[in-house]
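Below is the file input.txt, which contains compact mmCIF, C-alpha atoms.
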# COMPACT_ATOMS: atom_id res chain seq x y z
CA MET Y 199 -16.43 -94.73 4.48
CA THR Y 200 -15.68 -98.40 3.86
CA THR Y 201 -11.96 -99.05 4.08
CA LYS Y 202 -10.16 -101.83 2.26
CA MET Y 203 -9.33 -103.29 5.65
CA ARG Y 204 -13.01 -103.45 6.60
CA SER Y 205 -13.91 -105.01 3.25
CA GLU Y 206 -11.19 -107.65 3.65
CA ILE Y 207 -12.36 -108.45 7.18
CA ALA Y 208 -15.78 -109.16 5.67
CA GLU Y 209 -14.23 -111.49 3.07
CA GLN Y 210 -12.86 -113.85 5.71
CA PRO Y 211 -15.72 -116.37 5.88
CA ALA Y 212 -15.44 -117.03 2.13
CA ALA Y 213 -11.63 -117.08 2.27
CA LEU Y 214 -11.66 -119.55 5.15
CA GLN Y 215 -14.19 -121.76 3.41
CA ALA Y 216 -12.14 -121.85 0.21
CA THR Y 217 -8.92 -122.56 2.12
CA LEU Y 218 -10.44 -125.37 4.17
CA ASP Y 219 -12.03 -126.92 1.09
CA ALA Y 220 -8.61 -126.95 -0.58
CA LEU Y 221 -6.48 -128.08 2.35
CA LEU Y 222 -8.54 -130.53 4.40
CA PRO Y 223 -8.21 -133.21 1.68
CA ARG Y 224 -4.42 -132.90 2.05
CA VAL Y 225 -4.21 -134.01 5.68
CA GLY Y 226 -2.84 -137.36 4.50
CA GLU Y 227 0.07 -135.63 2.71
CA VAL Y 228 0.99 -133.84 5.92
CA GLU Y 229 0.74 -137.09 7.87
CA ARG Y 230 3.10 -138.92 5.51
CA LEU Y 231 5.69 -136.13 5.63
CA ALA Y 232 5.42 -135.76 9.41
CA ARG Y 233 6.05 -139.48 10.03
CA GLU Y 234 9.73 -138.84 9.36
CA THR Y 235 9.95 -136.12 12.03
CA ARG Y 236 9.84 -135.70 15.81
CA GLN Y 237 9.55 -131.97 16.41
CA LEU Y 238 8.68 -128.72 14.64
CA LEU Y 239 10.55 -125.53 13.82
CA PHE Y 240 8.43 -122.54 12.77
CA VAL Y 241 10.06 -119.82 10.66
CA ALA Y 242 8.22 -116.51 10.23
CA ARG Y 243 8.17 -112.77 10.85
CA GLY Y 244 5.52 -110.25 11.86
CA THR Y 245 1.91 -111.38 11.59
CA SER Y 246 3.07 -114.76 10.30
CA ASP Y 247 5.13 -115.16 13.47
CA ASN Y 248 1.96 -114.65 15.52
CA ALA Y 249 0.28 -117.34 13.43
CA ALA Y 250 3.27 -119.58 14.19
CA VAL Y 251 2.63 -119.14 17.92
CA TYR Y 252 -0.80 -120.70 17.36
CA GLY Y 253 0.85 -123.53 15.43
CA ARG Y 254 3.30 -124.13 18.24
CA TYR Y 255 0.64 -124.37 20.95
CA LEU Y 256 -1.56 -126.57 18.78
CA ALA Y 257 1.31 -128.96 18.01
CA GLU Y 258 2.43 -129.21 21.63
CA ALA Y 259 -0.95 -129.20 23.41
CA HIS Y 260 -2.80 -131.49 21.02
CA ALA Y 261 -0.26 -133.42 18.93
CA GLY Y 262 2.46 -133.99 21.53
CA ARG Y 263 5.18 -132.52 19.28
CA LEU Y 264 7.88 -130.30 20.76
CA SER Y 265 7.87 -127.07 18.76
CA THR Y 266 10.14 -124.04 18.51
CA LEU Y 267 9.90 -120.59 16.97
CA GLY Y 268 13.00 -120.28 14.83
CA ALA Y 269 15.44 -117.38 14.64
CA PRO Y 270 16.04 -116.75 10.92
CA SER Y 271 19.24 -114.85 11.68
CA ILE Y 272 20.92 -118.16 12.60
CA ALA Y 273 20.64 -119.03 8.91
CA THR Y 274 20.86 -115.63 7.24
CA THR Y 275 23.25 -113.64 9.45
CA TYR Y 276 25.24 -116.08 11.56
CA ARG Y 277 25.14 -118.68 8.77
CA ARG Y 278 25.40 -121.48 11.29
CA ARG Y 279 24.63 -125.04 10.21
CA LEU Y 280 22.49 -127.07 12.64
CA ASP Y 281 21.55 -130.72 12.80
CA LEU Y 282 17.86 -130.65 11.87
CA ASP Y 283 17.42 -134.34 11.24
CA GLY Y 284 13.95 -135.34 12.48
CA VAL Y 285 12.65 -131.76 12.32
CA LEU Y 286 9.62 -130.56 10.37
CA ALA Y 287 10.37 -126.93 9.45
CA VAL Y 288 7.32 -124.81 8.69
CA GLY Y 289 7.92 -121.53 6.86
CA LEU Y 290 5.13 -118.94 6.91
CA SER Y 291 4.91 -115.91 4.64
CA GLN Y 292 1.69 -114.42 3.35
CA SER Y 293 3.27 -113.28 0.11
CA GLY Y 294 5.65 -116.22 -0.18
CA ARG Y 295 8.26 -113.68 -1.26
CA THR Y 296 9.92 -112.66 2.00
CA GLU Y 297 13.51 -113.46 1.12
CA GLU Y 298 14.67 -114.10 4.69
CA ILE Y 299 11.97 -116.73 5.24
CA VAL Y 300 12.58 -118.39 1.86
CA GLU Y 301 16.31 -118.53 2.55
CA THR Y 302 15.79 -119.91 6.06
CA LEU Y 303 13.42 -122.65 4.90
CA ALA Y 304 15.91 -123.67 2.20
CA TRP Y 305 18.64 -123.66 4.87
CA ALA Y 306 16.51 -125.89 7.13
CA ARG Y 307 16.04 -128.37 4.30
CA ASP Y 308 19.77 -128.35 3.60
CA CYS Y 309 20.35 -129.07 7.32
CA GLY Y 310 18.22 -132.21 7.11
CA ALA Y 311 14.70 -130.99 7.92
CA ARG Y 312 11.55 -131.86 6.03
CA THR Y 313 9.82 -128.65 5.04
CA VAL Y 314 6.33 -127.20 4.74
CA ALA Y 315 5.37 -123.80 3.35
CA VAL Y 316 2.25 -121.92 4.43
CA THR Y 317 1.60 -119.04 2.05
CA ASN Y 318 -1.05 -117.09 0.18
CA GLY Y 319 1.43 -116.61 -2.63
CA GLY Y 320 0.50 -119.76 -4.53
CA GLU Y 321 2.39 -122.84 -5.66
CA GLU Y 322 4.72 -120.78 -7.84
CA SER Y 323 5.89 -118.50 -5.02
CA PRO Y 324 9.53 -118.83 -3.94
CA LEU Y 325 8.54 -120.15 -0.50
CA ALA Y 326 6.30 -122.86 -1.93
CA GLN Y 327 9.05 -123.84 -4.37
CA ALA Y 328 11.54 -124.18 -1.49
CA ALA Y 329 9.34 -126.64 0.46
CA ASP Y 330 8.65 -130.36 0.30
CA LEU Y 331 4.96 -129.57 0.77
CA ALA Y 332 3.11 -126.28 0.23
CA LEU Y 333 -0.15 -125.51 2.04
CA CYS Y 334 -1.38 -122.58 -0.03
CA THR Y 335 -4.19 -120.49 1.40
CA LEU Y 336 -6.92 -119.03 -0.79
CA ALA Y 337 -7.50 -115.61 0.71
CA GLY Y 338 -7.31 -113.80 -2.61
CA GLU Y 339 -5.48 -110.52 -3.04
CA GLU Y 340 -5.13 -108.47 0.13
CA GLU Y 341 -4.63 -104.73 -0.44
CA ALA Y 342 -4.75 -103.20 3.03
CA VAL Y 343 -1.36 -103.23 4.73
CA PRO Y 344 -2.68 -104.74 8.02
CA ALA Y 345 -3.16 -108.45 7.35
CA THR Y 346 -6.62 -109.82 8.11
CA LYS Y 347 -7.84 -112.59 5.80
CA THR Y 348 -4.30 -113.78 5.07
CA TYR Y 349 -3.76 -114.22 8.82
CA THR Y 350 -6.92 -116.18 9.54
CA THR Y 351 -6.36 -118.45 6.54
CA GLN Y 352 -2.81 -119.08 7.79
CA LEU Y 353 -4.35 -120.27 11.05
CA ALA Y 354 -6.66 -122.53 9.05
CA ALA Y 355 -3.66 -124.02 7.25
CA LEU Y 356 -1.92 -124.60 10.59
CA ALA Y 357 -5.04 -126.29 11.94
CA VAL Y 358 -4.87 -128.66 8.95
CA LEU Y 359 -1.19 -129.17 9.73
CA GLY Y 360 -2.19 -130.08 13.29
CA LEU Y 361 -4.60 -132.70 12.00
CA GLY Y 362 -1.80 -134.19 9.92
CA LEU Y 363 0.35 -134.33 13.05
CA GLY Y 364 -2.30 -136.44 14.74
CA ALA Y 365 -3.84 -133.80 17.01
CA ASP Y 366 -6.44 -135.19 19.41
CA VAL Y 367 -9.23 -132.93 18.17
CA ASP Y 368 -12.45 -133.18 16.16
CA PRO Y 369 -11.75 -132.24 12.51
CA GLY Y 370 -15.41 -131.32 12.15
CA ASP Y 371 -14.79 -128.26 14.34
CA LEU Y 372 -12.92 -126.66 11.45
CA ARG Y 373 -16.00 -126.80 9.25
CA ARG Y 374 -17.81 -124.56 11.73
CA VAL Y 375 -15.24 -121.77 11.52
CA PRO Y 376 -16.51 -119.77 8.51
CA GLU Y 377 -20.02 -119.47 9.96
CA ALA Y 378 -18.66 -118.54 13.40
CA VAL Y 379 -16.50 -115.81 11.85
CA GLU Y 380 -19.42 -114.47 9.83
CA LYS Y 381 -21.48 -114.23 13.01
CA LEU Y 382 -18.72 -112.26 14.77
CA ILE Y 383 -18.44 -109.81 11.88
CA GLY Y 384 -22.17 -109.14 12.14
CA ASP Y 385 -22.21 -108.92 15.93
CA PRO Y 386 -18.82 -108.15 17.50
CA GLY Y 387 -20.28 -106.99 20.82
CA ASP Y 388 -19.54 -103.69 22.58
CA LEU Y 389 -17.34 -102.37 19.78
CA ASP Y 390 -18.25 -98.68 20.12
CA GLU Y 391 -17.71 -98.78 23.88
CA VAL Y 392 -14.27 -100.33 23.54
CA VAL Y 393 -13.31 -97.81 20.83
CA ASP Y 394 -14.41 -95.02 23.17
CA GLY Y 395 -12.35 -96.55 25.96
CA LEU Y 396 -9.16 -96.62 23.89
CA ALA Y 397 -9.53 -93.46 21.82
CA ASP Y 398 -7.76 -91.19 24.32
CA LYS Y 399 -5.26 -93.70 25.66
CA PRO Y 400 -1.57 -93.78 24.67
CA GLY Y 401 -1.15 -97.47 25.26
CA VAL Y 402 -2.79 -100.79 26.06
CA VAL Y 403 -1.77 -104.21 27.32
CA VAL Y 404 -3.21 -107.15 25.37
CA SER Y 405 -3.05 -110.48 27.13
CA GLY Y 406 -4.07 -114.11 26.68
CA ARG Y 407 -2.52 -117.48 27.37
CA GLY Y 408 -2.03 -120.80 25.63
CA LEU Y 409 -3.77 -121.03 22.28
CA ALA Y 410 -5.19 -117.51 22.76
CA PHE Y 411 -1.70 -116.03 23.21
CA SER Y 412 -1.35 -115.81 19.44
CA THR Y 413 -4.50 -113.67 19.34
CA ALA Y 414 -3.14 -111.35 22.02
CA LEU Y 415 0.09 -110.87 20.06
CA GLU Y 416 -1.71 -110.29 16.77
CA THR Y 417 -4.24 -107.87 18.27
CA ALA Y 418 -1.41 -105.88 19.85
CA LEU Y 419 0.43 -105.79 16.52
CA LYS Y 420 -2.67 -104.51 14.73
CA LEU Y 421 -3.19 -101.75 17.30
CA LYS Y 422 0.45 -100.74 16.96
CA GLU Y 423 0.63 -100.64 13.19
CA ALA Y 424 -2.78 -99.15 12.37
CA CYS Y 425 -3.60 -97.06 15.47
CA TYR Y 426 -0.06 -96.13 16.61
CA LEU Y 427 -0.79 -97.27 20.17
CA HIS Y 428 1.95 -98.50 22.47
CA ALA Y 429 0.35 -101.94 22.59
CA MET Y 430 2.09 -104.72 24.50
CA GLY Y 431 1.13 -108.33 23.76
CA LEU Y 432 1.83 -110.67 26.67
CA SER Y 433 0.92 -114.03 28.07
CA TYR Y 434 -1.01 -113.33 31.25
CA ALA Y 435 1.53 -115.44 33.12
CA ASP Y 436 4.29 -113.05 32.03
CA LEU Y 437 2.05 -110.05 32.70
CA LEU Y 438 1.66 -111.10 36.33
CA HIS Y 439 5.44 -111.35 36.72
CA GLY Y 440 5.84 -107.57 36.67
CA PRO Y 441 4.47 -105.72 33.64
CA ILE Y 442 1.00 -105.56 35.24
CA ALA Y 443 2.40 -102.53 37.04
CA VAL Y 444 1.84 -100.51 33.85
CA VAL Y 445 -1.91 -101.24 33.83
CA ASP Y 446 -3.69 -98.22 35.27
CA ALA Y 447 -6.37 -95.67 34.42
CA ASP Y 448 -4.36 -94.52 31.39
CA THR Y 449 -3.28 -97.99 30.24
CA PRO Y 450 -6.22 -100.38 29.97
CA ALA Y 451 -6.04 -104.10 29.31
CA VAL Y 452 -7.57 -106.15 26.50
CA LEU Y 453 -7.96 -109.74 27.72
CA VAL Y 454 -8.53 -112.61 25.30
CA ALA Y 455 -9.75 -116.16 25.93
CA ALA Y 456 -11.68 -118.97 24.31
CA GLY Y 457 -15.03 -119.87 25.82
CA ASP Y 458 -13.57 -123.07 27.27
CA GLY Y 459 -10.19 -124.56 28.08
CA PRO Y 460 -7.70 -124.47 30.94
CA THR Y 461 -6.72 -120.80 30.62
CA LEU Y 462 -10.21 -119.32 31.05
CA ASP Y 463 -10.19 -119.26 34.86
CA GLY Y 464 -6.89 -117.37 34.94
CA THR Y 465 -8.13 -114.82 32.41
CA VAL Y 466 -11.28 -114.17 34.44
CA ALA Y 467 -9.17 -113.71 37.58
CA LEU Y 468 -6.93 -111.27 35.74
CA ALA Y 469 -9.92 -109.22 34.56
CA GLU Y 470 -11.16 -109.01 38.13
CA ARG Y 471 -7.74 -107.91 39.33
CA VAL Y 472 -7.46 -105.22 36.64
CA THR Y 473 -10.89 -103.73 37.30
CA GLY Y 474 -10.35 -104.02 41.05
CA ALA Y 475 -7.29 -101.81 40.64
CA GLY Y 476 -9.37 -99.15 38.91
CA ALA Y 477 -8.29 -99.86 35.34
CA ALA Y 478 -10.45 -100.85 32.39
CA ALA Y 479 -10.46 -104.49 31.25
CA PHE Y 480 -11.92 -104.92 27.78
CA THR Y 481 -12.58 -108.58 27.12
CA VAL Y 482 -12.60 -110.63 23.92
CA GLY Y 483 -14.34 -114.00 24.06
CA GLY Y 484 -14.31 -116.04 27.23
CA GLY Y 485 -18.07 -116.42 27.31
CA PRO Y 486 -20.34 -114.80 29.89
CA ARG Y 487 -17.89 -115.30 32.77
CA LEU Y 488 -15.15 -113.20 31.24
CA ALA Y 489 -17.62 -110.63 29.94
CA ALA Y 490 -19.06 -110.17 33.43
CA ALA Y 491 -15.59 -109.67 34.91
CA GLY Y 492 -14.62 -106.88 32.50
CA THR Y 493 -15.53 -103.32 31.64
CA ALA Y 494 -16.91 -103.96 28.15
CA ALA Y 495 -16.98 -107.12 26.08
CA LEU Y 496 -16.27 -108.10 22.49
CA ASN Y 497 -17.85 -111.40 21.52
CA GLY Y 498 -15.89 -114.56 20.89
CA PRO Y 499 -16.67 -117.45 18.54
CA ASP Y 500 -18.78 -120.43 19.48
CA LEU Y 501 -15.86 -122.75 18.86
CA PRO Y 502 -13.74 -125.08 21.03
CA GLU Y 503 -10.42 -123.76 22.25
CA TRP Y 504 -8.26 -125.45 19.61
CA VAL Y 505 -9.89 -123.51 16.74
CA ALA Y 506 -11.11 -120.47 18.71
CA PRO Y 507 -8.12 -118.29 17.60
CA LEU Y 508 -9.48 -118.35 14.03
CA GLY Y 509 -12.43 -116.36 15.34
CA LEU Y 510 -10.99 -114.56 18.38
CA ILE Y 511 -8.89 -112.28 16.20
CA VAL Y 512 -11.88 -110.94 14.27
CA PRO Y 513 -13.17 -108.58 17.01
CA GLY Y 514 -9.59 -107.31 17.36
CA GLN Y 515 -9.45 -106.60 13.64
CA LEU Y 516 -12.77 -104.75 13.77
CA LEU Y 517 -11.59 -102.80 16.82
CA THR Y 518 -8.37 -101.81 15.05
CA GLU Y 519 -10.17 -100.62 11.92
CA ALA Y 520 -12.79 -98.62 13.85
CA LEU Y 521 -10.30 -97.09 16.29
CA SER Y 522 -7.94 -96.15 13.47
CA ARG Y 523 -10.70 -94.20 11.73
CA ARG Y 524 -11.72 -92.57 15.03
CA LEU Y 525 -8.13 -91.36 15.43
CA GLY Y 526 -8.03 -89.97 11.87
CA ILE Y 527 -5.63 -92.62 10.59
CA ASP Y 528 -6.04 -94.48 7.29
CA PRO Y 529 -5.94 -98.14 8.37
CA ASP Y 530 -5.27 -99.26 4.79
CA ALA Y 531 -1.90 -97.51 4.61
CA PRO Y 532 -0.29 -96.89 8.01
CA ARG Y 533 2.81 -94.71 7.95
CA GLY Y 534 6.16 -96.34 7.32
CA LEU Y 535 4.78 -99.75 6.32
CA ASN Y 536 4.67 -101.76 3.09
CA LYS Y 537 2.68 -104.86 2.25
CA VAL Y 538 5.81 -107.00 1.89
CA THR Y 539 8.67 -106.35 4.31
CA GLN Y 540 12.16 -107.57 3.52
CA THR Y 541 14.75 -108.06 6.29
CA ASP Y 542 18.32 -109.29 6.22
Will you turn the file into structure tokens for me?
Amino acid sequence: MTTKMRSEIAEQPAALQATLDALLPRVGEVERLARETRQLLFVARGTSDNAAVYGRYLAEAHAGRLSTLGAPSIATTYRRRLDLDGVLAVGLSQSGRTEEIVETLAWARDCGARTVAVTNGGEESPLAQAADLALCTLAGEEEAVPATKTYTTQLAALAVLGLGLGADVDPGDLRRVPEAVEKLIGDPGDLDEVVDGLADKPGVVVSGRGLAFSTALETALKLKEACYLHAMGLSYADLLHGPIAVVDADTPAVLVAAGDGPTLDGTVALAERVTGAGAAAFTVGGGPRLAAAGTAALNGPDLPEWVAPLGLIVPGQLLTEALSRRLGIDPDAPRGLNKVTQTD
């Protein structure tokens, strides 16, 4: 059986290519808008919030811009006015119709921020209409409830945003992303072995750090919503501060890292600690060093750290879809979930 989720995973190389072709020529627009700002405020929920974590690390680590994940309730529930002069507020919503995010972005603009929308909903969506600048992704319609291609194209839009902020990276790396993702879809690594290792487990800890932290959070969310696992997404720094006590024979770890960058050594050390304690450590990316330190390995993309999250999530998506089917769950329509979620 081919699920909608699996089909949409396969559509990601084309969706990424179309999105990059549309948005890379707009780097100058981002640059002009960002000149009036000092720091960033990201506004999102759910999967889009995980994408925002990538945006935050990219802006701080490579563009030198202080960034914050916003709390929409300050605008929508507490209705508190803040001084947002000098702030670039970035609202993310795949549909562009999440009322809380639209309202919060409009609030940020009213408080003095310049505003950017990242959405797959098109220029006519309420979120795009509320922003000074809309970076619209071209993922096409997404039918499965778990977001796949709309998430990776959001990351692509945020990478373009990072270029407009003056990130100290090679823009050419982005052009390599669609091919790297296509390669991962064709060869994700030890997928069956990892599915076997999680099929009888009630929970899992998913961990990464820095730019890969967004991937850990998003992988954990996917395993929660489509496989009903008690999946905890954590930075490995936070994991070592106490929650590592839950990792045991019944609670394996999924550890995520790019093939280079300053967080790789710590991720390898964590994998060795987990397996040394008798628990399974399933690895995603991190090259041969991380693969050798773990129990079974899912491949990562051949991409530098700053764009690696656009590929690192793909093995997690494939794992979620395969594990869901193994557990007898329809990954296209998990219980209790809708494609667009509205919150107050």
Shell of 8 Å around Val482 (chain Y), all atoms listed in the file, local chain residues under 5 positions omitted, as a list in words: Val452, Leu453, Val454, Ala455, Ala489, Ala495, Leu496, Asn497, Gly498, Leu510, Pro513 and Gly514 of chain Y
Atom pair CA of Ala257 (chain Y) / CA of Thr465 (chain Y): separation (Å):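 That distance, rounded to one decimal, is 22.3 Å.
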Top pick for closest residue to Ile207 (chain Y), considering Y:Ile383, Y:Leu521, Y:Ala337, Y:Cys309 and counting only C-alpha atoms: Y:Ile383
Nearest residue to Tyr426 (chain Y) from the set Y:Arg523, Y:Arg233, Y:Arg263, Y:Arg373 (distances using all atoms listed in the file): Y:Arg523
Y:Ala287, Y:Ala424, Y:Ala273, Y:Val403 ranked by distance to Ala345 (chain Y), top pick (using all atoms listed in the file):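 Among the listed residues, Y:Ala424 lies closest to Ala345 (chain Y).
Comparing Y:Ile527, Y:Leu427, Y:Leu516, Y:Val285 by their smallest distance to Ala208 (chain Y), the closest is Y:Leu516 (using all atoms listed in the file).
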Distance of CA of Thr201 (chain Y) from CA of Ser405 (chain Y), expressed in Å to one decimal place: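 Between CA of Ser405 (chain Y) and CA of Thr201 (chain Y) the gap is 27.2 Å.
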From (-8.4, -97.4, 31.0), in the file's coordinates, out to 8 Å: which residues are reached, counting all atoms listed in the file? Answer as a CSV table (one decimal) with C-alpha atoms, keeping the file's coordinate frame.
chain,number,residue,atom,x,y,z
Y,395,GLY,CA,-12.4,-96.6,26.0
Y,396,LEU,CA,-9.2,-96.6,23.9
Y,399,LYS,CA,-5.3,-93.7,25.7
Y,446,ASP,CA,-3.7,-98.2,35.3
Y,447,ALA,CA,-6.4,-95.7,34.4
Y,448,ASP,CA,-4.4,-94.5,31.4
Y,449,THR,CA,-3.3,-98.0,30.2
Y,450,PRO,CA,-6.2,-100.4,30.0
Y,451,ALA,CA,-6.0,-104.1,29.3
Y,477,ALA,CA,-8.3,-99.9,35.3
Y,478,ALA,CA,-10.4,-100.8,32.4
Y,479,ALA,CA,-10.5,-104.5,31.2
Two-atom distance - CA of Thr302 (chain Y), CA of Pro270 (chain Y) (Å):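 CA of Pro270 (chain Y) lies 5.8 Å from CA of Thr302 (chain Y).
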Residue nearest Asp366 (chain Y) - candidates Y:Asp500, Y:Glu258, Y:Asp330, Y:Glu321, atoms counted: only C-alpha atoms: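 Closest to Asp366 (chain Y) of all the choices is Y:Glu258.
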Residue nearest Gly244 (chain Y) - candidates Y:Lys420, Y:Arg533, Y:Arg524, Y:Arg487, atoms counted: only C-alpha atoms: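 Residue with the minimum atom-to-atom distance to Gly244 (chain Y): Y:Lys420.
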Radius query 8 Å about (-9.6, -117.1, 29.0), atoms used: all atoms listed in the file, as number ranges by chain: Y: 406-407, 410, 453-466, 483-484, 488
